[in-house]
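*Asks:* My structure is below; once you've seen it, I'll send some questions.
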Amino acid sequence: MHVETLGHGRPEYTLVACVHGDETCGWHAFNRLKAADLSIRRPLKFVLANERAFKLGVRYCDIDLNRAWPGQADSALHEERLAARLRHEVEGTTVLDIHSTESRGCPFAIVTGADAASLRLARSTGLDRVVDMSWLGGGVTASTEGVAVECGYHDDEDAATMAHRIALNFLAAEGVIDGRAVRSTPTVYRVTGEERGAGFRFVGENFRRVRQGEVFARRDGTPRRADDDFYPVLMSTHGYADRIGFRAERVGTVTDAIAG
Ligand SMILES: [Zn+2]
């Protein structure tokens, strides 16, 4: 784990990159922020989470860090030890956790629980969609206030550019740096389950409703049909070893979600 602080004093905010070591866009975004002469109003911490996996160019060494939560300091597994250290590092700060993905349909925000504080942070990303992933649990934002963002396709230059743009907007909206920011009113989706299976080709489109009986994936020419209506989230052909992706329902806009 690599940690840096910008500004002086005790950081209230943390940018987290490389929870998954091969998702480098957050690292590039941070380097661009550092290179630009920002006017910093509140101290900010930067954490390159899975530095070992990052250097190896892999998603993780032993297990997925998001699934290693809350971690264990004396574990034999690298990511379980790391989760315990990372949890301590971000404690008491507000987190922007930056990711990229194998799936299409980015950018969007992810929260763990559609509580008012999380949704307020989702608005500060400036993005149009937010997914409540409480169904899956775990992750950095499960133990501290924060929001994650999926910026784009893995290692794509556009993902790094998007990560930089989102980070700038988020930090300005939260008053961490000077600058103009958009506070969006995103549509809220809630993950309700997953579609398991290996070797499927996803033929739908993320965030576009799949109707009951509709074909959304194929394997060796055999169609996989939806049991019920759902919105695909993080569905892809190669994203996961044993999962096509997640099923979600559309809750409404952030204001509906807070009112509900
Ligand atoms: Zn990720």
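By convention in this document, the chains of the structure tokens carry letters A, B, ... by their order, each chain's residues are numbered from 1, and ligands are numbered from 1 in the order they are shown.
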Could you give me, as a ChimeraX atom specification, each residue of segment 12-180 of chain A that DSSP assigns to strand (DSSP E) when run on this structure's backbone?
*Replies:* /A:13-17,44-48,94-101,108-111,129-132,146-153
*Asks:* Take the selection from the previous step and output its residues with C-alpha atoms, as a short mmCIF file (atom, residue, chain, number, x, y, z; two decimals), in the first residue's frame.
*Replies:*
data_model
loop_
_atom_site.label_atom_id
_atom_site.label_comp_id
_atom_site.auth_asym_id
_atom_site.auth_seq_id
_atom_site.Cartn_x
_atom_site.Cartn_y
_atom_site.Cartn_z
CA TYR A 13 -11.05 12.82 2.26
CA THR A 14 -9.30 9.85 0.67
CA LEU A 15 -8.91 8.98 -3.01
CA VAL A 16 -8.47 5.22 -3.26
CA ALA A 17 -6.99 3.65 -6.42
CA LEU A 44 -6.54 15.02 0.97
CA LYS A 45 -5.09 11.55 1.25
CA PHE A 46 -4.28 9.30 -1.68
CA VAL A 47 -4.02 5.53 -1.25
CA LEU A 48 -2.72 3.11 -3.88
CA THR A 94 -14.81 10.26 3.14
CA VAL A 95 -13.72 8.02 0.28
CA LEU A 96 -13.78 8.19 -3.51
CA ASP A 97 -12.85 4.64 -4.60
CA ILE A 98 -11.82 4.55 -8.28
CA HIS A 99 -12.32 1.48 -10.51
CA SER A 100 -12.46 0.36 -14.14
CA THR A 101 -14.13 -2.74 -15.57
CA PHE A 108 -21.44 5.21 -13.03
CA ALA A 109 -21.23 5.48 -9.24
CA ILE A 110 -21.60 2.65 -6.70
CA VAL A 111 -22.77 2.99 -3.11
CA ARG A 129 -26.28 6.66 -12.60
CA VAL A 130 -25.68 5.21 -9.16
CA VAL A 131 -25.88 1.53 -8.23
CA ASP A 132 -26.59 0.37 -4.68
CA GLY A 146 -17.87 7.02 0.53
CA VAL A 147 -18.71 6.31 -3.08
CA ALA A 148 -17.02 4.13 -5.70
CA VAL A 149 -16.90 4.94 -9.40
CA GLU A 150 -16.55 2.70 -12.45
CA CYS A 151 -14.76 4.97 -14.91
CA GLY A 152 -14.50 2.94 -18.10
CA TYR A 153 -13.00 -0.02 -19.84
#
*Asks:* Run DSSP on the backbone and give me the residues of segment 18-238 of chain A it puts in alpha helix (DSSP H), as a VMD selection string.
*Replies:* chain A and resid 25 to 35 51 to 56 78 to 90 116 to 124 157 to 173
*Asks:* May I have the residues from that selection written out with C-alpha atoms, as a CSV table (one decimal), in the first residue's frame?
*Replies:*
chain,number,residue,atom,x,y,z
A,25,CYS,CA,-7.1,4.7,-14.0
A,26,GLY,CA,-7.2,6.0,-10.4
A,27,TRP,CA,-3.4,6.0,-10.3
A,28,HIS,CA,-3.2,8.0,-13.5
A,29,ALA,CA,-5.9,10.4,-12.3
A,30,PHE,CA,-4.0,11.0,-9.0
A,31,ASN,CA,-0.8,11.8,-10.9
A,32,ARG,CA,-2.6,14.2,-13.1
A,33,LEU,CA,-4.1,15.9,-10.0
A,34,LYS,CA,-0.6,16.2,-8.5
A,35,ALA,CA,0.9,17.6,-11.7
A,51,GLU,CA,0.4,-2.0,-4.7
A,52,ARG,CA,1.7,-5.5,-5.0
A,53,ALA,CA,-1.1,-6.5,-7.5
A,54,PHE,CA,-0.6,-3.2,-9.3
A,55,LYS,CA,3.1,-3.9,-9.8
A,56,LEU,CA,2.3,-7.4,-11.1
A,78,HIS,CA,-2.1,-10.9,1.2
A,79,GLU,CA,-5.5,-9.2,0.5
A,80,GLU,CA,-6.9,-10.1,4.0
A,81,ARG,CA,-3.9,-8.5,5.7
A,82,LEU,CA,-4.2,-5.5,3.2
A,83,ALA,CA,-8.0,-5.1,3.9
A,84,ALA,CA,-7.2,-4.7,7.6
A,85,ARG,CA,-4.6,-2.0,6.9
A,86,LEU,CA,-6.7,-0.2,4.3
A,87,ARG,CA,-9.7,-0.2,6.6
A,88,HIS,CA,-7.6,1.5,9.2
A,89,GLU,CA,-6.1,4.0,6.7
A,90,VAL,CA,-9.5,5.3,5.4
A,116,ALA,CA,-28.8,10.1,2.3
A,117,ALA,CA,-25.1,10.5,3.0
A,118,SER,CA,-24.0,8.0,0.3
A,119,LEU,CA,-26.4,9.4,-2.2
A,120,ARG,CA,-25.2,12.9,-1.5
A,121,LEU,CA,-21.7,11.8,-2.4
A,122,ALA,CA,-23.0,10.1,-5.5
A,123,ARG,CA,-24.4,13.5,-6.6
A,124,SER,CA,-20.9,15.0,-6.1
A,157,GLU,CA,-6.9,5.9,-22.0
A,158,ASP,CA,-10.5,7.1,-21.8
A,159,ALA,CA,-10.9,5.4,-18.3
A,160,ALA,CA,-8.0,7.4,-17.0
A,161,THR,CA,-9.3,10.7,-18.5
A,162,MET,CA,-12.8,9.9,-17.0
A,163,ALA,CA,-11.3,9.1,-13.6
A,164,HIS,CA,-9.4,12.4,-13.6
A,165,ARG,CA,-12.6,14.3,-14.6
A,166,ILE,CA,-14.7,12.6,-11.9
A,167,ALA,CA,-12.1,13.1,-9.2
A,168,LEU,CA,-11.8,16.9,-10.1
A,169,ASN,CA,-15.6,17.2,-10.0
A,170,PHE,CA,-16.0,15.3,-6.8
A,171,LEU,CA,-13.2,17.2,-5.0
A,172,ALA,CA,-14.6,20.6,-6.1
A,173,ALA,CA,-18.2,19.6,-5.2
*Asks:* Which residue, A:Thr253, A:Thr185, A:Asn50, A:Gln72, has the smallest gap to ligand 1 when you use only C-alpha atoms and all ligand atoms?
*Replies:*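 Distance minimum relative to ligand 1 lands on A:Asn50.
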*Asks:* For ligand 1, which residue among A:Glu205, A:Glu4, A:Glu12, A:Glu23 is the nearest when counting only C-alpha atoms and all ligand atoms?
*Replies:*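 The closest residue to ligand 1 is A:Glu23.
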*Asks:* Restricting the calculation to only C-alpha atoms: of A:Arg41, A:Arg196, A:Arg183, A:Arg208, which residue gets closest to Ala248 of chain A?
*Replies:*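 Closest to Ala248 of chain A of all the choices is A:Arg208.
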*Asks:* Find the residues near Asp228 of chain A: any atom within 10 Å, counting only C-alpha atoms, skip ones fewer than 2 places away on the same chain, and give them as a tab-separated table (two decimals) with N, CA and C atoms, in the first residue's frame.
*Replies:*
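New file part-v4.tsv:
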chain	number	residue	atom	x	y	z
A	210	VAL	N	-33.97	-5.71	-19.51
A	210	VAL	CA	-34.19	-7.01	-20.14
A	210	VAL	C	-35.55	-7.49	-19.67
A	211	ARG	N	-36.39	-7.89	-20.65
A	211	ARG	CA	-37.74	-8.36	-20.31
A	211	ARG	C	-37.72	-9.86	-20.02
A	212	GLN	N	-38.69	-10.28	-19.26
A	212	GLN	CA	-38.87	-11.71	-18.98
A	212	GLN	C	-38.91	-12.50	-20.28
A	213	GLY	N	-38.11	-13.56	-20.37
A	213	GLY	CA	-38.08	-14.40	-21.56
A	213	GLY	C	-37.09	-13.94	-22.63
A	214	GLU	N	-36.56	-12.73	-22.47
A	214	GLU	CA	-35.61	-12.19	-23.46
A	214	GLU	C	-34.24	-12.87	-23.31
A	225	ARG	N	-32.18	-17.12	-21.14
A	225	ARG	CA	-33.32	-16.19	-21.11
A	225	ARG	C	-33.55	-15.67	-19.69
A	226	ALA	N	-34.10	-14.47	-19.60
A	226	ALA	CA	-34.38	-13.85	-18.30
A	226	ALA	C	-35.60	-14.49	-17.66
A	230	PHE	N	-35.29	-7.37	-15.56
A	230	PHE	CA	-34.23	-6.77	-14.74
A	230	PHE	C	-33.41	-5.80	-15.58
A	247	ARG	N	-28.08	-8.49	-11.60
A	247	ARG	CA	-29.44	-8.06	-11.92
A	247	ARG	C	-29.78	-6.90	-10.99
*Asks:* Looking at A:His154, A:His2, A:His8, A:Arg190, which one is nearest to ligand 1, with distances taken over only C-alpha atoms and all ligand atoms?
*Replies:* A:His154
*Asks:* Counting only C-alpha atoms, which of A:Gly252, A:Gly245, A:Gly126, A:Gly199 gets nearest to Arg219 of chain A?
*Replies:*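 The shortest atom-to-atom distance to Arg219 of chain A comes from A:Gly199.
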*Asks:* From the set A:Asp155, A:Arg67, A:Gly92, A:Arg59, which residue has the shortest atom-to-atom contact distance to Pro11 of chain A, counting only C-alpha atoms?
*Replies:*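 Once distances to Pro11 of chain A are computed over only C-alpha atoms, the minimum belongs to A:Gly92.
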*Asks:* Taking 5 positions as the minimum chain separation for residues in the same chain, which residues sit within 9 Å of Gly204 of chain A when counting only C-alpha atoms? Answer as a CSV table (one decimal) with N, CA, C and O atoms, in the first residue's frame.
*Replies:*
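Saved file selection-v4.csv follows:
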chain,number,residue,atom,x,y,z
A,209,ARG,N,-33.2,-2.3,-19.9
A,209,ARG,CA,-34.1,-3.3,-19.3
A,209,ARG,C,-34.1,-4.6,-20.2
A,209,ARG,O,-34.3,-4.5,-21.4
A,210,VAL,N,-34.0,-5.7,-19.5
A,210,VAL,CA,-34.2,-7.0,-20.1
A,210,VAL,C,-35.6,-7.5,-19.7
A,210,VAL,O,-35.9,-7.5,-18.5
A,215,VAL,N,-33.6,-13.1,-24.4
A,215,VAL,CA,-32.2,-13.7,-24.4
A,215,VAL,C,-31.2,-12.6,-24.1
A,215,VAL,O,-31.2,-11.5,-24.7
A,216,PHE,N,-30.4,-12.8,-23.0
A,216,PHE,CA,-29.4,-11.7,-22.7
A,216,PHE,C,-28.0,-12.3,-22.7
A,216,PHE,O,-27.0,-11.5,-22.6
A,217,ALA,N,-27.9,-13.6,-22.9
A,217,ALA,CA,-26.5,-14.2,-23.0
A,217,ALA,C,-26.6,-15.5,-23.8
A,217,ALA,O,-27.7,-16.1,-23.9
A,232,PRO,N,-29.5,-5.1,-16.4
A,232,PRO,CA,-28.2,-5.6,-16.2
A,232,PRO,C,-27.2,-4.6,-15.7
A,232,PRO,O,-27.2,-3.4,-16.2
A,235,MET,N,-22.6,-6.5,-16.3
A,235,MET,CA,-22.6,-7.7,-17.1
A,235,MET,C,-21.6,-7.6,-18.2
A,235,MET,O,-21.5,-6.6,-18.9
A,236,SER,N,-20.9,-8.8,-18.5
A,236,SER,CA,-19.9,-8.8,-19.5
A,236,SER,C,-19.6,-10.2,-19.9
A,236,SER,O,-20.1,-11.2,-19.2
